[in-house]
Amino acid sequence: MPKDHGIGASQKRREDVRFLTGAGNYTDDINVHGQAYVHFLRSDLAHGKINNIDTSAAEGMPGVVRIFTGKDFEGVGGLPCGWQVTDKHGEPMKEPAHPVLAQGKVRHVGDPIAAVVADSLEQARTAAEAIVLDIDELPAVVDMAKALEAGSTKVHDDLADNLCYDWQFGTDTETTDAAFKNAAHVTTLELVNNRLVANPMEPRVAVGDYSRANDEHTLYTTSQNPHVIRLLMGAFVLGIPEHKLRVVAPDVGGGFGTKIFHYAEEAFCTFAAKACNRPVKWTSTRSEAFMSDAHGRDHVTKIELALDKDNNFIGVRTDTLANMGAYLSTFSSSVPTWLHGTLMAGNYKTPAVQVNVKAVFTNTVPVDAYRGAGRPEATFQLERVIDKAARELGVDPMQLRRQNFITSFPYETPVAVAYDTGDYHATMDKMEELMDIPGFAARRAESEKNGKLRGLGINCFIEACGIAPSNLVGQLGARAGLYDAATVRVNATGSISVMVGAHSHGQGHETVFPQVVAEMLGIDESMVDIVHGDTSKIPFGMGTYGSRSLAVCGSAMVRATEKIINKAKKIAGHLLEASDSDIELKDGQFTVAGTDKSVAWGDVTLAAYVPHNYPLEDIEPGLEETAFYDPANFTYPAGAYACEVEVDPDTGKVTIEKFVSADDFGNVVNPMIVEGQVHGGIAQGIGQALLENCAYDENGQLLSASYMDYAMPRADDIPHMASYVVDHSCQTPCTHNPLGVKGCGEAGAIGSPPTVVNAVIDALHSGGHTHVNHIDMPVSPSRVWAAINGQ
Amino acid sequence: MYSFDIQRPTSIADAVAALSTDEALPLGGGQTLIPTLKQRLSAPSVLVSLGAIAEIKGVCTGDDGALCIGGGTTHATVAKEAASSYPALAALAGNIGDPAVRNRGTIGGSLANNDPSACYPAAALASGATIVTNTRSIAADDYFQGMFATALNEGEIITEVRFPVPEKAAYMKFEQPASRFALVGVFVAKYADGVRVAVTGASEDGVFRWTEAEAALSSNFSADAVPAAPSGDGMISDLHGSGAYRAHLIAVMTKRAVAAAG
Ligand SMILES: Cc1cc2nc3c(=O)[nH]c(=O)nc-3n(C[C@H](O)[C@H](O)[C@H](O)COP(=O)(O)OP(=O)(O)OC[C@H]3O[C@@H](n4cnc5c(N)ncnc54)[C@H](O)[C@@H]3O)c2cc1C
């Protein structure tokens with residue numbers, strides 16, 4: 001019998017009532033009395049030298065409150081990067097200034113040049129058209145390889161070149177070279193991990209407010225981590241102490257990573273609210289989102305896999321160019337390094353793994369974390385090269401993987417992480433069972449009858465989630481801790497508010513977190529609510545990304561709840577005239593062990609706040625506890641995915657016919673929500689594999705600047721539910737957090753792209769197109785057709 | 001959006017009068033025009049909504065057997081009301097955009113806009129339709145004049161489109177993955193006096209007739225008779241496919257259209 005409450009129950013998402021009835025409170029729903037509106041005049045050139053910005057005509061236009069340019073931000077800090085990477089020569093990465101409004105140059109299409117604050121948005125737009133720009137266009141640097149050529153135009157004139165860092169990691173060169181020298185077979189693959197635009201349903205919004213009366217700033221913003229924004233913006237950009245700055249991220253309509261970062265528009269609205277003494281609101285249009293939200297991925301990689309004569313993996317070597325865009329976004333530097341290099345061992349016991357990454361500045365929108373962040377890039381290259389190796393060697397791709405699996409834990413990889421637990425054969429077994437691999441031949445024959453090619457693709461992956469142990473990431477260059485925090489406030493009558501540092505923007509925390517607390521206390525879930533998204537209400541936690549909410553913040557919540565239980569037992573012991581060590585808590589009742597003497601949860605909580613009969617000499621009144629939790633290690637969710645595609649060889653169109661995921665997330669608190677997370681992740685992975693392509697032309701113009709050209713996955717691009725199975729029954733609980741959970745938010749987006757591409761290549765080979773070893777994503781109809789026809 | 005005045009005439013005559021104002025534009029379903037206005041790419045002083053003119057709405061069969069569709073008729077209405085008389089046309093209309101687009105967008109707006117990737121132009125050209133305006137009747141062969149260009153004069157309104165109903169017809173649309181407009185769409189219509197094949201989405205000159213295929217299919221209406229793909233020269237080349245790919249798809253879609261027409 002599935003549980004109907006507490007940990008393990010598929011509770012319906014309580015937040016959906018407001019989301020689905022239009023009763024959510026999103027940032028754009030927030031309107032502060034007297035607010036003005038800002039329109040950003042953005043660069044339509046990829047690269048240019050600003051000679052002059054003449055705002056004189058625009059200043060006098062109707063409704064204009066004030067016009068700001070880069071000059072107004074001289075003396076104000078630039079947008080900081082939160083992670084310093086040290087390159088292979090021991091040098092710190094290059095960190096060019098990232099002004100709130102462009103200073104001296106524009107460096108990508110969408111770079112904000114001026115900001116017009118006016119009584120209405122239309123007035124702001126109209127006035128912006130009257131700003132006269134004198135900008136000399138400069139040649140744009142778009143292609144990463146060209147950007148690194150000697151003599152290339154520089155994105156930042158004060159740097160020596162366009163190289164941000166040259167990073168090397170893992171096994172030393174001598175050992176790695178030796179592995180390749182001893183190899184019986186080496187498989188090499190060059191590939192692109194395509195640039196993506198996250199496209200959350202809700203575009204970004206910022207509302208800045210300022211109170212002269214008490215010198216207090218408030219920023220309402222679409223953020224995944226309000227405390228991080230408060231710290232970065234307050235301390236590094238605007239110089240506002242925390243107690244004078246409140247950051248509120250109310251309901252947020254999806255983030256996918258792109259709402260982690262501190263953006264210019266947030267700093268601008270906060271700054272301008274004080275400068276204009278008026279609330280200032282900005283709502284991104286979808287077009288602006290395409291050119292101002294941080295993009296994702298954009299790696300160009302060469303990967304080599306060395307195998308011995310028995311097909312054991314003996315070495316992996318990678319060479320990656322990672323696009324940073326024009327400026328360093330908040331966590332950009334960490335994505336191609338610590339979130340990518342550390343995963344290059346995958347699920348395999350390869351003894352030598354060396355990762356090389358050059359991060360490059362180009363005249364494009366900054367690139368940063370997007371669902372999976374670094375781990376999809378690692379998985380894609382590794383699982384593609386393994387598939388290619390299997391084909392070259394004529395061996396079964398599943399067998400080749402199995403033979404090389406890590407099977408004993410804990411396992412120290414050559415790339416600095418220690419997997420605590422896992423069972424990769426178990427997920428592979430599960431995947432094989434659900435996929436009905438023996439039935440594939442018949443399904444292929446059926447497709448061929450209809451003139452279609454059918455392919456089977458499989459893939460294994462591992463990710464490092466539950467981000468992150470602070471002491472470890474500190475050594476790696478992180479400029480912030482990555483613990484989290486929770487305050488459990490028990491009210492007098494026993495209801496509970498849990499203030500959490502995690503932020504829910506689609507994950508379902510409001511449902512899941514109470515399931516845990518209610519289970520621990522044996523009370524009804526309806527008595528527990530969580531509070532999140534407001535720095536004035538919640539403890540200093542680090543927000544939601546990296547599949548960390550339950551593993552890190554949930555652990556803090558467990559610790560705080562344990563403190564509550566300890567204290568409540570003391571109160572109960574007093575009320576029951578027994579020693580607190582004899583008190584047991586079960587189903588919301590405190591009982592003296594071995595007796596029928598008991599007192600209810602609500603009696604104890606009332607006593608805490610109405611302490612008439614209370615051990616005041618021993619403990620304080622009240623029942624509220626806070627815990628900060630810093631994880632001892634990452635968590636390592638892993639899985640095996642498979643999919644079947646049909647390729648129409650006449651048009652090149654790929655359709656996904658069947659998809660199976662077998663994930664190991666450790667313990668699962670709400671199976672329905674986990675399945676939803678995986679469904680969504682796989683949909684995004686299918687989007688990356690088949691559809692999404694953020695493309696620039698050689699002049700740095702964004703070609704896919706709207707949904708007319710940027711293809712998002714839609715319902716009919718995803719297989720029908722009946723042939724779309726997400727399984728999480730293989731569970732090796734995390735060994736180092738109290739819930740034994742690993743995190744499930746990114747798995748789908750990490751595991752699915754190579755699965756799909758492997759399947760397409762398999763299909764093409766079955767049709768005799770054996771010259772096609774790789775097609776870069778998105779594997780669009782035209783690319784498949786071109787590959788088949790050698791074009 | 002810049003500000004503008006809006007008028008809602010209830011007759012063609014009033015609409016024409018309203019459109020005589022400088023910088024006035026007719027508004028059909030607004031599915032193309034409103035986004036353009038929002039982006040401030042167009043700045044009419046007056047929008048003359050055609051939505052309240054009953055005489056340009058609806059689907060009927062004329063005395064000559066032609067299917068007559070009012071210029072203000074929505075795609076959804078055509079999908080429903082032409083289903084028995086001209087199924088290929090109804091199917092085309094029923095696969096434009098999404099329900100919101102189909103319930104607002106009109107055949108007149110689509111033909112006036114003549115987007116090189118739009119569907120209706122292929123149907124009109126392959127059917128040898130007549131585009132009727134407030135002043136004249138224009139043969140489809142004379143009407144389409146290249147990407148976004150038509151024979152319409154300023155202030156001229158499409159009031160009706162007359163489609164001779166073919167013996168057999170089908171439209172095959174290969175969707176551009178993002179917009180789901182036609183990357184290549186081919187409308188094949190077989191009449192007693194010959195076959196017409198119109199191609200949308202592919203050419204830099206907008207919708208066109210593939211005359212080689214028409215000749216071949218007129219003597220043998222079977223998929224096998226479809227000639228080899230035309231040259232990719234002059235075909236649109238963009239993020240979603242090269243000219244050569246589009247040219248290739250023309251032949252594939254033509255074959256599939258012929259097969260579907262039966
Ligand atoms: C999401 C989306 C998907 C779409 N997908 C497709 C698709 O797959 N295939 C496809 O073919 N189209 C597609 N369209 C376009 C759609 O069919 C539009 O409805 C059509 O192009 C314009 O028709 P409208 O009535 O909305 O015209 P409007 O947008 O109102 O007007 C368009 C132009 O025509 C003029 N005009 C309007 N009516 C008349 C008239 N009766 N006489 C003279 N001039 C007139 C206007 O002044 C304007 O210049 C899509 C649109 C959207 C928004």
# chains A, B, ... in the order shown; residues from 1 in each chain; ligands from 1
$ residues_near_ligand --ligand "ligand 1" --cutoff "8 Å" --atoms "only C-alpha atoms and all ligand atoms" --output "compact mmCIF listing (two decimals) with N, CA and C atoms, in the first residue's frame"
# COMPACT_ATOMS: atom_id res chain seq x y z
N LEU B 25 -4.80 51.40 -41.33
CA LEU B 25 -4.53 50.00 -41.71
C LEU B 25 -5.74 49.15 -41.34
N PRO B 26 -6.10 48.20 -42.23
CA PRO B 26 -7.14 47.27 -41.82
C PRO B 26 -6.61 46.29 -40.78
N LEU B 27 -7.44 45.91 -39.84
CA LEU B 27 -7.10 44.91 -38.83
C LEU B 27 -8.01 43.71 -39.01
N GLY B 28 -7.40 42.57 -39.32
CA GLY B 28 -8.17 41.33 -39.40
C GLY B 28 -8.20 40.70 -38.03
N GLY B 29 -7.61 39.50 -37.92
CA GLY B 29 -7.56 38.85 -36.62
C GLY B 29 -6.44 39.36 -35.74
N GLY B 30 -5.58 40.17 -36.30
CA GLY B 30 -4.51 40.78 -35.51
C GLY B 30 -3.37 39.83 -35.15
N GLN B 31 -3.39 38.62 -35.69
CA GLN B 31 -2.37 37.64 -35.27
C GLN B 31 -0.99 37.95 -35.81
N THR B 32 -0.94 38.71 -36.87
CA THR B 32 0.33 39.19 -37.39
C THR B 32 0.52 40.66 -37.05
N LEU B 33 -0.54 41.43 -37.22
CA LEU B 33 -0.42 42.88 -37.07
C LEU B 33 -0.19 43.29 -35.61
N ILE B 34 -0.88 42.67 -34.68
CA ILE B 34 -0.73 43.11 -33.27
C ILE B 34 0.70 42.90 -32.76
N PRO B 35 1.30 41.72 -33.01
CA PRO B 35 2.71 41.58 -32.60
C PRO B 35 3.61 42.63 -33.25
N LEU B 50 -11.92 44.94 -39.15
CA LEU B 50 -12.90 44.36 -40.08
C LEU B 50 -13.79 43.34 -39.38
N GLY B 71 -13.58 37.33 -46.66
CA GLY B 71 -12.21 37.73 -46.31
C GLY B 71 -11.99 37.82 -44.81
N GLY B 72 -13.07 37.98 -44.05
CA GLY B 72 -12.93 38.10 -42.59
C GLY B 72 -13.21 36.80 -41.87
N THR B 74 -12.52 33.35 -40.07
CA THR B 74 -11.38 32.82 -39.31
C THR B 74 -10.98 31.44 -39.82
N HIS B 75 -9.74 31.08 -39.50
CA HIS B 75 -9.23 29.76 -39.87
C HIS B 75 -10.09 28.67 -39.24
N ALA B 93 -6.48 24.83 -43.02
CA ALA B 93 -6.87 25.87 -42.07
C ALA B 93 -6.81 25.35 -40.64
N ASN B 95 -4.82 23.39 -39.36
CA ASN B 95 -3.46 23.13 -38.88
C ASN B 95 -2.60 24.40 -38.86
N ILE B 96 -3.25 25.54 -38.97
CA ILE B 96 -2.51 26.80 -38.84
C ILE B 96 -2.39 27.13 -37.35
N GLY B 97 -1.17 27.39 -36.92
CA GLY B 97 -0.95 27.88 -35.54
C GLY B 97 -1.62 27.02 -34.49
N ASP B 98 -2.17 27.68 -33.51
CA ASP B 98 -2.83 27.02 -32.39
C ASP B 98 -4.28 27.50 -32.33
N VAL B 101 -4.83 31.27 -32.42
CA VAL B 101 -4.54 31.85 -33.74
C VAL B 101 -5.68 31.54 -34.71
N ARG B 102 -6.17 30.31 -34.66
CA ARG B 102 -7.22 29.93 -35.61
C ARG B 102 -8.55 30.62 -35.31
N ARG B 104 -8.83 33.63 -34.18
CA ARG B 104 -8.73 35.06 -34.45
C ARG B 104 -8.30 35.33 -35.90
N GLY B 105 -7.29 34.59 -36.35
CA GLY B 105 -6.70 34.87 -37.66
C GLY B 105 -7.68 34.62 -38.79
N THR B 106 -7.56 35.43 -39.85
CA THR B 106 -8.51 35.34 -40.97
C THR B 106 -7.80 35.04 -42.27
N ILE B 107 -8.57 34.53 -43.21
CA ILE B 107 -8.01 34.21 -44.52
C ILE B 107 -7.58 35.50 -45.23
N GLY B 108 -8.36 36.56 -45.07
CA GLY B 108 -8.01 37.83 -45.71
C GLY B 108 -6.69 38.37 -45.16
N GLY B 109 -6.54 38.28 -43.85
CA GLY B 109 -5.30 38.75 -43.23
C GLY B 109 -4.11 37.94 -43.70
N SER B 110 -4.30 36.64 -43.81
CA SER B 110 -3.19 35.78 -44.23
C SER B 110 -2.78 36.09 -45.66
N LEU B 111 -3.77 36.22 -46.55
CA LEU B 111 -3.44 36.48 -47.95
C LEU B 111 -2.90 37.89 -48.16
N ALA B 112 -3.41 38.86 -47.37
CA ALA B 112 -2.91 40.24 -47.50
C ALA B 112 -1.46 40.31 -47.03
N ASN B 113 -1.16 39.53 -46.00
CA ASN B 113 0.19 39.56 -45.45
C ASN B 113 1.18 38.82 -46.36
N ASN B 114 0.72 37.72 -46.96
CA ASN B 114 1.55 36.91 -47.86
C ASN B 114 2.93 36.59 -47.29
N ASP B 115 2.93 36.10 -46.07
CA ASP B 115 4.18 35.61 -45.47
C ASP B 115 4.72 34.48 -46.36
N SER B 117 6.11 31.92 -45.68
CA SER B 117 5.95 30.58 -45.09
C SER B 117 4.51 30.28 -44.70
N ALA B 118 3.59 31.13 -45.09
CA ALA B 118 2.19 30.92 -44.71
C ALA B 118 1.55 29.84 -45.57
N CYS B 119 0.47 29.28 -45.05
CA CYS B 119 -0.18 28.14 -45.70
C CYS B 119 -1.19 28.55 -46.77
N TYR B 120 -2.07 29.50 -46.44
CA TYR B 120 -3.15 29.85 -47.38
C TYR B 120 -2.66 30.24 -48.78
N PRO B 121 -1.55 30.96 -48.88
CA PRO B 121 -1.12 31.31 -50.25
C PRO B 121 -0.95 30.08 -51.13
N THR B 133 -11.79 41.83 -54.00
CA THR B 133 -11.62 42.96 -53.09
C THR B 133 -12.80 43.91 -53.25
N LEU B 152 -2.47 43.97 -53.94
CA LEU B 152 -3.40 44.88 -53.26
C LEU B 152 -2.88 46.31 -53.27
N GLY B 155 -5.32 50.47 -48.82
CA GLY B 155 -6.73 50.67 -48.49
C GLY B 155 -7.68 49.68 -49.14
N GLU B 156 -7.14 48.78 -49.93
CA GLU B 156 -7.98 47.78 -50.59
C GLU B 156 -8.21 46.60 -49.63
N ILE B 157 -9.43 46.13 -49.57
CA ILE B 157 -9.77 45.07 -48.61
C ILE B 157 -10.13 43.79 -49.35
N ILE B 158 -9.62 42.69 -48.86
CA ILE B 158 -10.06 41.39 -49.39
C ILE B 158 -11.42 41.08 -48.77
N THR B 159 -12.42 40.97 -49.63
CA THR B 159 -13.77 40.73 -49.12
C THR B 159 -14.16 39.26 -49.25
N GLU B 175 6.79 21.19 -41.07
CA GLU B 175 6.83 22.35 -40.17
C GLU B 175 8.24 22.78 -39.82
N SER B 179 8.62 27.85 -35.33
CA SER B 179 7.38 28.60 -35.57
C SER B 179 6.22 27.70 -35.96
N ARG B 180 6.55 26.57 -36.49
CA ARG B 180 5.56 25.63 -37.05
C ARG B 180 4.78 26.23 -38.22
N PHE B 181 5.27 27.30 -38.77
CA PHE B 181 4.85 27.69 -40.13
C PHE B 181 5.44 26.63 -41.07
N ALA B 182 5.19 26.78 -42.35
CA ALA B 182 5.72 25.81 -43.29
C ALA B 182 7.21 26.06 -43.53
$ interface_residues --of "chain B" --to "chain A" --cutoff "6 Å" --atoms "only C-alpha atoms" --output "VMD selection string"
chain B and resid 177 to 179 241
$ select_by_dssp --residues "segment 368-563 of chain A" --states "strand (DSSP E or B)" --output "ChimeraX atom specification"
/A:405,411-412,418-419,453-462,465,478,484-490,496-500,528-531,534
$ closest_residue --among "A:Gly296, A:Pro778, A:Pro92, A:Gly457" --to "Gly325 of chain A" --atoms "only C-alpha atoms"
A:Gly296
$ residues_around --residues "Phe68 of chain A" --least-positions-apart "2" --cutoff "8 Å" --atoms "only C-alpha atoms" --output "list in words"
Arg66, Gly70, Lys71, Asp72, Ala114, Ala115 and Val116 of chain A
$ residues_around --residues "Thr732 of chain A" --least-positions-apart "4" --cutoff "7 Å" --atoms "only C-alpha atoms" --output "JSON, numbers by chain"
{"A": [421, 422, 664, 666]}
$ residues_around --residues "Asn25 of chain A" --least-positions-apart "5" --cutoff "9 Å" --atoms "only C-alpha atoms" --output "NGL selection string"
:A and (18-19 or 30 or 250-252)
$ atom_distance --atom1 "atom CA of Val726 of chain A" --atom2 "atom CA of Gly6 of chain A"
22.0 Å
$ residues_around --residues "segment 668-676 of chain A" --least-positions-apart "4" --cutoff "8 Å" --atoms "only C-alpha atoms" --output "PDB file with C-alpha atoms, in the first residue's frame"
ATOM      1  CA  GLY A   6       4.330  11.755   5.346  1.00  0.00           C
ATOM      2  CA  ILE A   7       7.563  10.635   3.730  1.00  0.00           C
ATOM      3  CA  GLY A   8       6.898   8.488   0.673  1.00  0.00           C
ATOM      4  CA  ALA A   9       3.387   9.725  -0.071  1.00  0.00           C
ATOM      5  CA  SER A  10       2.477  11.173  -3.468  1.00  0.00           C
ATOM      6  CA  GLN A  11       0.746  14.189  -2.031  1.00  0.00           C
ATOM      7  CA  LYS A  12      -0.791  16.509  -4.583  1.00  0.00           C
ATOM      8  CA  ARG A  13       1.030  19.816  -4.734  1.00  0.00           C
ATOM      9  CA  GLN A 507       9.867  22.223  -7.288  1.00  0.00           C
ATOM     10  CA  GLY A 508       6.959  21.697  -4.893  1.00  0.00           C
ATOM     11  CA  VAL A 512       7.311  18.159   0.277  1.00  0.00           C
ATOM     12  CA  GLN A 515       5.669  15.940   4.594  1.00  0.00           C
ATOM     13  CA  VAL A 516       9.041  15.536   6.307  1.00  0.00           C
ATOM     14  CA  GLY A 680      10.245  18.035 -17.008  1.00  0.00           C
ATOM     15  CA  VAL A 726      10.255   7.291 -15.321  1.00  0.00           C
ATOM     16  CA  ASP A 727      11.324   4.935 -12.576  1.00  0.00           C
ATOM     17  CA  VAL A 741      18.098  11.863  -0.373  1.00  0.00           C
ATOM     18  CA  CYS A 744      16.182  14.830  -8.611  1.00  0.00           C
ATOM     19  CA  GLY A 745      15.754  18.222 -10.275  1.00  0.00           C
TER      20      GLY A 745
END
$ closest_residue --among "A:Asp663, A:Asp308, A:Asp368, A:Glu392" --to "Met428 of chain A" --atoms "only C-alpha atoms"
A:Asp663
$ residues_around --residues "segment 54-58 of chain A" --least-positions-apart "4" --cutoff "10 Å" --atoms "only C-alpha atoms" --output "ChimeraX atom specification"
/A:62,64,66-69,114,116,124,126-134
$ atom_distance --atom1 "atom CA of Gly90 of chain A" --atom2 "atom CA of Ser334 of chain A"
16.0 Å
$ decode --residues "segment 67-78 of chain B" --atoms "N, CA, C and O atoms" --output "tab-separated table (two decimals), in the first residue's frame"
chain	number	residue	atom	x	y	z
B	67	LEU	N	-16.05	27.40	-53.97
B	67	LEU	CA	-16.21	27.63	-52.54
B	67	LEU	C	-15.86	29.10	-52.28
B	67	LEU	O	-14.77	29.56	-52.63
B	68	CYS	N	-16.79	29.83	-51.66
B	68	CYS	CA	-16.58	31.26	-51.43
B	68	CYS	C	-16.38	31.49	-49.94
B	68	CYS	O	-17.22	31.12	-49.13
B	69	ILE	N	-15.25	32.09	-49.61
B	69	ILE	CA	-14.94	32.33	-48.20
B	69	ILE	C	-14.78	33.82	-47.99
B	69	ILE	O	-13.98	34.48	-48.68
B	70	GLY	N	-15.56	34.37	-47.08
B	70	GLY	CA	-15.46	35.80	-46.79
B	70	GLY	C	-14.07	36.15	-46.29
B	70	GLY	O	-13.45	35.37	-45.56
B	71	GLY	N	-13.58	37.33	-46.66
B	71	GLY	CA	-12.21	37.73	-46.31
B	71	GLY	C	-11.99	37.82	-44.81
B	71	GLY	O	-10.86	37.73	-44.33
B	72	GLY	N	-13.07	37.98	-44.05
B	72	GLY	CA	-12.93	38.10	-42.59
B	72	GLY	C	-13.21	36.80	-41.87
B	72	GLY	O	-13.44	36.80	-40.66
B	73	THR	N	-13.23	35.69	-42.61
B	73	THR	CA	-13.55	34.40	-42.00
B	73	THR	C	-12.32	33.83	-41.29
B	73	THR	O	-11.22	33.83	-41.83
B	74	THR	N	-12.52	33.35	-40.07
B	74	THR	CA	-11.38	32.82	-39.31
B	74	THR	C	-10.98	31.44	-39.82
B	74	THR	O	-11.78	30.72	-40.42
B	75	HIS	N	-9.74	31.08	-39.50
B	75	HIS	CA	-9.23	29.76	-39.87
B	75	HIS	C	-10.09	28.67	-39.24
B	75	HIS	O	-10.35	27.63	-39.87
B	76	ALA	N	-10.54	28.88	-38.02
B	76	ALA	CA	-11.34	27.86	-37.33
B	76	ALA	C	-12.66	27.64	-38.07
B	76	ALA	O	-13.11	26.50	-38.21
B	77	THR	N	-13.26	28.72	-38.55
B	77	THR	CA	-14.52	28.58	-39.27
B	77	THR	C	-14.30	27.83	-40.58
B	77	THR	O	-15.08	26.95	-40.95
B	78	VAL	N	-13.22	28.15	-41.28
B	78	VAL	CA	-12.93	27.44	-42.53
B	78	VAL	C	-12.70	25.95	-42.24
B	78	VAL	O	-13.21	25.08	-42.95
